Amino acid sequence: MPRKIIVSGVGCCLVDLLFNDIDFGSEEMKPFLSVTRGDGGLTPGQLVFREEFEQFAGINFDKALKKITGNRKHDKINIGGPSVVSLINAAQLTDPAECEVRFYQQSSLVLVRNPERGTVLNEK
């Protein structure tokens with residue numbers, strides 16, 4: 001019997017919580033919108049790191065998220081990152097009997113900070 005091919009990858013993995021119907025012109029959103037490029041505020045289509053956003057907003061991320069979303073649950077969860085996305089594609093395109101795909105996360109911080117998001121990573 002031929003041996004299985006093992007494809008492995010290491011990297012960080014982002015967990016995006018997606019919310020439909022967020023009004024970027026709303027009063028709830030205005031305090032969190034960027035004033036100048038790179039200031040840590042939110043800009044549609046741009047990446048902002050949590051730490052920079054919290055410094056800009058003056059409150060922690062979870063409190064800001066509740067204000068922006070009206071404390072409602074996210075509509076979808078999406079995972080991303082160059083390594084994990086490539087490995088997901090490889091797993092979808094190969095026969096599990098012939099190929100095993102493994103992902104090793106650089107940090108388990110997501111598992112510690114938010115067990116729900118860590119579970120999502122393990123399930124995906």
# chains A, B, ... in the order shown; residues from 1 in each chain; ligands from 1
>>> residues_around(residues="A:Phe24", least_positions_apart="5", cutoff="12 Å", atoms="only C-alpha atoms", output="ChimeraX atom specification")
/A:29-34,42-45,68-69
>>> select_by_dssp(residues="chain A", states="helix (DSSP H, G or I)", output="ChimeraX atom specification")
/A:30-32,50-57,61-69,82-93,109-113,115-123
>>> closest_residue(among="A:Gly70, A:Val85, A:Tyr104, A:Gly80", to="A:Asp21", atoms="only C-alpha atoms")
A:Gly70
>>> closest_residue(among="A:Lys4, A:Gly38, A:Leu65, A:Asp75", to="A:Glu52", atoms="only C-alpha atoms")
A:Gly38
>>> closest_residue(among="A:Pro96, A:Gly41, A:Gly9, A:Gly25", to="A:Val84", atoms="only C-alpha atoms")
A:Gly9
